[in-house]
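Step one of this worksheet: look at the structure below.
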Amino acid sequence: MDIAVSERLPHESTREYVYRCLKENIMNLRLPPGSVLSEKDISVLLNVSRTPVREAFIQLESEYLLDILPQKGTRVSLLDVENVEESFFLRETIEKEVINLAVKEFPADKLFELQSNITLQELCVEEENYLKFFELDEALHRCIFEGCRKGRIWSLIQQMSTHYNRVRMLNVAGKHDWPELLSQHEDLVRAIREKNPSLAAKTIQKHLNKIRIDIEDLLIEFRHYFI
């Protein structure tokens, strides 16, 4: 099984460790949609008993990342376009309002964090490191929410966006359109720095709508990953 096995963190329970390892591999597509998993294989791979693996499976099923089928086994859930659309609606509705807040008032330390993030994204584009680029993409949007004192809302959105984020990862990994994404991120940060609501509104609409456009191509290229 070709998955990345990370080291167990201090004070992390066995169940938490198994859950984190599996979720990271599902979200970064090392375990692509449709992959078959077994408690026995995972327990051997991570050198743990089967009980925490079973518990992690149940938690991942509750997040729509695994399908546990009686008498048939367990597999990584296929991507559900309806689930993606629902997550898109949630994020579009909320993030537009958060950006409106950000261009009115934004902490200097968080603005510095955004600008530093952009510098690292530029490096990722040069090195074609899509995993790190995606991580920085997420961190940038989280920083904007936190700068507007809406960090808990970002966490809530993430809980409901497992299919949406896997589609985004698939898009970033497969299409390599990072320069366009980077340019949009740069415009978002510039809009916040310059307190420019017009640029912010135009950019966030284009940025969030991108996945709705790109998913049509993904449905053709990666049809076997979708329901």
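We label chains A, B, ... in the order they appear in the structure tokens, count residues from 1 in each chain, and number ligands from 1 in the order shown.
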Which residues in stretch 19-170 of chain A does DSSP call alpha helix (DSSP H)? List them as number ranges by chain. A: 19-27, 39-46, 50-62, 81-104, 108-127, 130-147, 151-159, 162-170
Using only C-alpha atoms, determine which residues lie at most 12 Å from A:Glu7, disregarding the query and same-chain residues fewer than 3 positions distant; provide the list as a PDB file with all heavy atoms, in the first residue's frame.
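As written to disk, out.pdb reads:
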```pdb
ATOM      1  N   ALA A   4       1.948   7.443   2.769  1.00  0.00           N
ATOM      2  CA  ALA A   4       2.997   8.045   3.580  1.00  0.00           C
ATOM      3  C   ALA A   4       2.678   7.806   5.047  1.00  0.00           C
ATOM      4  O   ALA A   4       1.565   8.093   5.504  1.00  0.00           O
ATOM      5  CB  ALA A   4       3.084   9.541   3.290  1.00  0.00           C
ATOM      6  N   PRO A  10       3.730  13.743  19.880  1.00  0.00           N
ATOM      7  CA  PRO A  10       3.677  13.618  21.342  1.00  0.00           C
ATOM      8  C   PRO A  10       2.239  13.780  21.850  1.00  0.00           C
ATOM      9  O   PRO A  10       1.494  14.632  21.363  1.00  0.00           O
ATOM     10  CB  PRO A  10       4.563  14.773  21.828  1.00  0.00           C
ATOM     11  CG  PRO A  10       5.462  15.079  20.671  1.00  0.00           C
ATOM     12  CD  PRO A  10       4.651  14.796  19.442  1.00  0.00           C
ATOM     13  N   GLU A  12      -0.280  12.114  21.328  1.00  0.00           N
ATOM     14  CA  GLU A  12      -1.306  11.706  20.372  1.00  0.00           C
ATOM     15  C   GLU A  12      -1.722  10.272  20.679  1.00  0.00           C
ATOM     16  O   GLU A  12      -0.879   9.372  20.772  1.00  0.00           O
ATOM     17  CB  GLU A  12      -0.749  11.801  18.947  1.00  0.00           C
ATOM     18  CG  GLU A  12      -1.764  11.639  17.842  1.00  0.00           C
ATOM     19  CD  GLU A  12      -1.148  11.906  16.468  1.00  0.00           C
ATOM     20  OE1 GLU A  12      -0.002  11.461  16.228  1.00  0.00           O
ATOM     21  OE2 GLU A  12      -1.809  12.546  15.641  1.00  0.00           O
ATOM     22  N   THR A  14      -3.389   6.528  20.009  1.00  0.00           N
ATOM     23  CA  THR A  14      -3.246   5.639  18.852  1.00  0.00           C
ATOM     24  C   THR A  14      -4.349   5.894  17.835  1.00  0.00           C
ATOM     25  O   THR A  14      -4.100   5.947  16.634  1.00  0.00           O
ATOM     26  CB  THR A  14      -3.274   4.164  19.295  1.00  0.00           C
ATOM     27  OG1 THR A  14      -2.255   3.952  20.276  1.00  0.00           O
ATOM     28  CG2 THR A  14      -3.022   3.241  18.120  1.00  0.00           C
ATOM     29  N   TYR A  17      -3.651   9.059  15.992  1.00  0.00           N
ATOM     30  CA  TYR A  17      -2.539   8.858  15.061  1.00  0.00           C
ATOM     31  C   TYR A  17      -3.003   8.161  13.789  1.00  0.00           C
ATOM     32  O   TYR A  17      -2.699   8.595  12.670  1.00  0.00           O
ATOM     33  CB  TYR A  17      -1.447   8.043  15.750  1.00  0.00           C
ATOM     34  CG  TYR A  17      -0.358   7.537  14.834  1.00  0.00           C
ATOM     35  CD1 TYR A  17       0.451   8.417  14.124  1.00  0.00           C
ATOM     36  CD2 TYR A  17      -0.143   6.162  14.682  1.00  0.00           C
ATOM     37  CE1 TYR A  17       1.451   7.955  13.275  1.00  0.00           C
ATOM     38  CE2 TYR A  17       0.857   5.692  13.843  1.00  0.00           C
ATOM     39  CZ  TYR A  17       1.647   6.585  13.137  1.00  0.00           C
ATOM     40  OH  TYR A  17       2.630   6.125  12.296  1.00  0.00           O
ATOM     41  N   VAL A  18      -3.759   7.082  13.947  1.00  0.00           N
ATOM     42  CA  VAL A  18      -4.261   6.343  12.774  1.00  0.00           C
ATOM     43  C   VAL A  18      -5.168   7.238  11.946  1.00  0.00           C
ATOM     44  O   VAL A  18      -5.060   7.299  10.712  1.00  0.00           O
ATOM     45  CB  VAL A  18      -5.016   5.076  13.217  1.00  0.00           C
ATOM     46  CG1 VAL A  18      -5.644   4.379  12.007  1.00  0.00           C
ATOM     47  CG2 VAL A  18      -4.077   4.117  13.944  1.00  0.00           C
ATOM     48  N   ARG A  20      -5.236  10.539  11.755  1.00  0.00           N
ATOM     49  CA  ARG A  20      -4.481  11.596  11.070  1.00  0.00           C
ATOM     50  C   ARG A  20      -3.735  11.048   9.854  1.00  0.00           C
ATOM     51  O   ARG A  20      -3.755  11.661   8.781  1.00  0.00           O
ATOM     52  CB  ARG A  20      -3.502  12.256  12.053  1.00  0.00           C
ATOM     53  CG  ARG A  20      -2.658  13.373  11.427  1.00  0.00           C
ATOM     54  CD  ARG A  20      -1.823  14.086  12.474  1.00  0.00           C
ATOM     55  NE  ARG A  20      -0.909  13.206  13.169  1.00  0.00           N
ATOM     56  CZ  ARG A  20       0.288  12.855  12.690  1.00  0.00           C
ATOM     57  NH1 ARG A  20       0.693  13.293  11.507  1.00  0.00           N
ATOM     58  NH2 ARG A  20       1.071  12.052  13.386  1.00  0.00           N
ATOM     59  N   CYS A  21      -3.071   9.912  10.027  1.00  0.00           N
ATOM     60  CA  CYS A  21      -2.325   9.325   8.906  1.00  0.00           C
ATOM     61  C   CYS A  21      -3.243   9.011   7.727  1.00  0.00           C
ATOM     62  O   CYS A  21      -2.927   9.326   6.572  1.00  0.00           O
ATOM     63  CB  CYS A  21      -1.612   8.048   9.352  1.00  0.00           C
ATOM     64  SG  CYS A  21      -0.121   8.325  10.309  1.00  0.00           S
ATOM     65  N   LEU A  46       0.836   0.412  10.242  1.00  0.00           N
ATOM     66  CA  LEU A  46       1.097   1.432  11.268  1.00  0.00           C
ATOM     67  C   LEU A  46       1.547   0.821  12.592  1.00  0.00           C
ATOM     68  O   LEU A  46       1.804   1.555  13.549  1.00  0.00           O
ATOM     69  CB  LEU A  46      -0.161   2.284  11.483  1.00  0.00           C
ATOM     70  CG  LEU A  46      -0.663   3.063  10.262  1.00  0.00           C
ATOM     71  CD1 LEU A  46      -1.889   3.886  10.634  1.00  0.00           C
ATOM     72  CD2 LEU A  46       0.424   3.954   9.684  1.00  0.00           C
ATOM     73  N   ASN A  47       1.610  -0.505  12.621  1.00  0.00           N
ATOM     74  CA  ASN A  47       2.061  -1.219  13.812  1.00  0.00           C
ATOM     75  C   ASN A  47       1.198  -0.892  15.034  1.00  0.00           C
ATOM     76  O   ASN A  47       1.696  -0.531  16.106  1.00  0.00           O
ATOM     77  CB  ASN A  47       3.536  -0.898  14.106  1.00  0.00           C
ATOM     78  CG  ASN A  47       4.146  -1.839  15.131  1.00  0.00           C
ATOM     79  OD1 ASN A  47       3.736  -2.996  15.258  1.00  0.00           O
ATOM     80  ND2 ASN A  47       5.123  -1.343  15.874  1.00  0.00           N
TER      81      ASN A  47
END
```
Distance of atom CA of A:Glu63 from atom CA of A:Leu45, expressed in Å to one decimal place: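 That distance, rounded to one decimal, is 22.7 Å.
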Nearest to A:Arg166 by atom-to-atom distance, counting only C-alpha atoms, from A:Gln115, A:Ser87, A:Asn100, A:Asn28: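 Using only C-alpha atoms, A:Arg166 sits closest to A:Asn28.
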Any idea what the distance is between atom CA of A:Ser77 and atom CA of A:Ile204?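 Here the two named atoms are 29.3 Å from each other.
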What are the closest atom pairs, with distances in Å to one decimal, for each residue of stretch 46-80 of chain A lying within 12 Å of stretch 150-160 of chain A, using only C-alpha atoms, rows by chain and rising residue number, as a tab-separated table?
```
residue	atom	partner	partner_atom	distance
A:Gln59	CA	A:Gln159	CA	11.9
A:Leu60	CA	A:Gln159	CA	11.0
A:Ser62	CA	A:Gln159	CA	10.2
A:Glu63	CA	A:Gln159	CA	7.2
A:Tyr64	CA	A:Met160	CA	9.0
A:Leu65	CA	A:Met160	CA	10.9
```
Write a file of the selected residues as a PDB file, in the first residue's frame, keeping all heavy atoms.
```pdb
ATOM      1  N   GLN A  59     -14.742   7.264  12.285  1.00  0.00           N
ATOM      2  CA  GLN A  59     -14.665   8.725  12.272  1.00  0.00           C
ATOM      3  C   GLN A  59     -14.541   9.267  10.856  1.00  0.00           C
ATOM      4  O   GLN A  59     -15.182  10.259  10.493  1.00  0.00           O
ATOM      5  CB  GLN A  59     -13.481   9.203  13.114  1.00  0.00           C
ATOM      6  CG  GLN A  59     -13.411  10.725  13.247  1.00  0.00           C
ATOM      7  CD  GLN A  59     -12.334  11.175  14.216  1.00  0.00           C
ATOM      8  OE1 GLN A  59     -11.701  10.345  14.901  1.00  0.00           O
ATOM      9  NE2 GLN A  59     -12.121  12.478  14.313  1.00  0.00           N
ATOM     10  N   LEU A  60     -13.739   8.606  10.027  1.00  0.00           N
ATOM     11  CA  LEU A  60     -13.570   9.041   8.639  1.00  0.00           C
ATOM     12  C   LEU A  60     -14.852   8.832   7.838  1.00  0.00           C
ATOM     13  O   LEU A  60     -15.152   9.621   6.936  1.00  0.00           O
ATOM     14  CB  LEU A  60     -12.402   8.293   7.999  1.00  0.00           C
ATOM     15  CG  LEU A  60     -11.017   8.690   8.532  1.00  0.00           C
ATOM     16  CD1 LEU A  60      -9.971   7.659   8.119  1.00  0.00           C
ATOM     17  CD2 LEU A  60     -10.620  10.073   8.033  1.00  0.00           C
ATOM     18  N   SER A  62     -17.787   9.236   9.096  1.00  0.00           N
ATOM     19  CA  SER A  62     -18.670  10.338   9.498  1.00  0.00           C
ATOM     20  C   SER A  62     -18.324  11.632   8.763  1.00  0.00           C
ATOM     21  O   SER A  62     -19.155  12.542   8.685  1.00  0.00           O
ATOM     22  CB  SER A  62     -18.581  10.560  11.015  1.00  0.00           C
ATOM     23  OG  SER A  62     -17.349  11.157  11.382  1.00  0.00           O
ATOM     24  N   GLU A  63     -17.090  11.716   8.239  1.00  0.00           N
ATOM     25  CA  GLU A  63     -16.666  12.893   7.478  1.00  0.00           C
ATOM     26  C   GLU A  63     -16.785  12.667   5.977  1.00  0.00           C
ATOM     27  O   GLU A  63     -16.257  13.439   5.179  1.00  0.00           O
ATOM     28  CB  GLU A  63     -15.221  13.243   7.850  1.00  0.00           C
ATOM     29  CG  GLU A  63     -15.054  13.629   9.311  1.00  0.00           C
ATOM     30  CD  GLU A  63     -13.604  13.928   9.680  1.00  0.00           C
ATOM     31  OE1 GLU A  63     -12.769  14.083   8.763  1.00  0.00           O
ATOM     32  OE2 GLU A  63     -13.308  14.004  10.882  1.00  0.00           O
ATOM     33  N   TYR A  64     -17.462  11.601   5.592  1.00  0.00           N
ATOM     34  CA  TYR A  64     -17.722  11.268   4.179  1.00  0.00           C
ATOM     35  C   TYR A  64     -16.453  10.936   3.397  1.00  0.00           C
ATOM     36  O   TYR A  64     -16.406  11.090   2.182  1.00  0.00           O
ATOM     37  CB  TYR A  64     -18.480  12.412   3.478  1.00  0.00           C
ATOM     38  CG  TYR A  64     -19.717  12.848   4.210  1.00  0.00           C
ATOM     39  CD1 TYR A  64     -19.729  14.041   4.933  1.00  0.00           C
ATOM     40  CD2 TYR A  64     -20.864  12.066   4.205  1.00  0.00           C
ATOM     41  CE1 TYR A  64     -20.861  14.438   5.638  1.00  0.00           C
ATOM     42  CE2 TYR A  64     -22.005  12.465   4.913  1.00  0.00           C
ATOM     43  CZ  TYR A  64     -21.995  13.641   5.616  1.00  0.00           C
ATOM     44  OH  TYR A  64     -23.114  14.025   6.314  1.00  0.00           O
ATOM     45  N   LEU A  65     -15.438  10.460   4.108  1.00  0.00           N
ATOM     46  CA  LEU A  65     -14.191  10.106   3.435  1.00  0.00           C
ATOM     47  C   LEU A  65     -14.039   8.604   3.212  1.00  0.00           C
ATOM     48  O   LEU A  65     -13.242   8.182   2.377  1.00  0.00           O
ATOM     49  CB  LEU A  65     -12.992  10.632   4.233  1.00  0.00           C
ATOM     50  CG  LEU A  65     -12.816  12.151   4.188  1.00  0.00           C
ATOM     51  CD1 LEU A  65     -11.711  12.590   5.130  1.00  0.00           C
ATOM     52  CD2 LEU A  65     -12.525  12.632   2.772  1.00  0.00           C
TER      53      LEU A  65
END
```
Could you pull the residues within 9 Å of A:Ala201, counting only C-alpha atoms, minus those fewer than 6 positions along the same chain, as a ChimeraX atom specification? /A:96,99-100,188,191
What residues in stretch 40-140 of chain A get the DSSP label strand (DSSP E)? Please answer as a PyMOL selection string. chain A and resi 66-69+73-76
Between A:Gln71, A:Ile211, A:Glu126, A:Ile144, which has the minimum distance to A:Pro107 (counting only C-alpha atoms)?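 Going through A:Gln71, A:Ile211, A:Glu126, A:Ile144 one by one, the smallest distance to A:Pro107 is for A:Ile144.
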Could you jot down the atom CA of A:Phe112 to atom CA of A:Leu208 separation for me, Å, one decimal place?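 Separation of atom CA of A:Phe112 and atom CA of A:Leu208: 23.1 Å.
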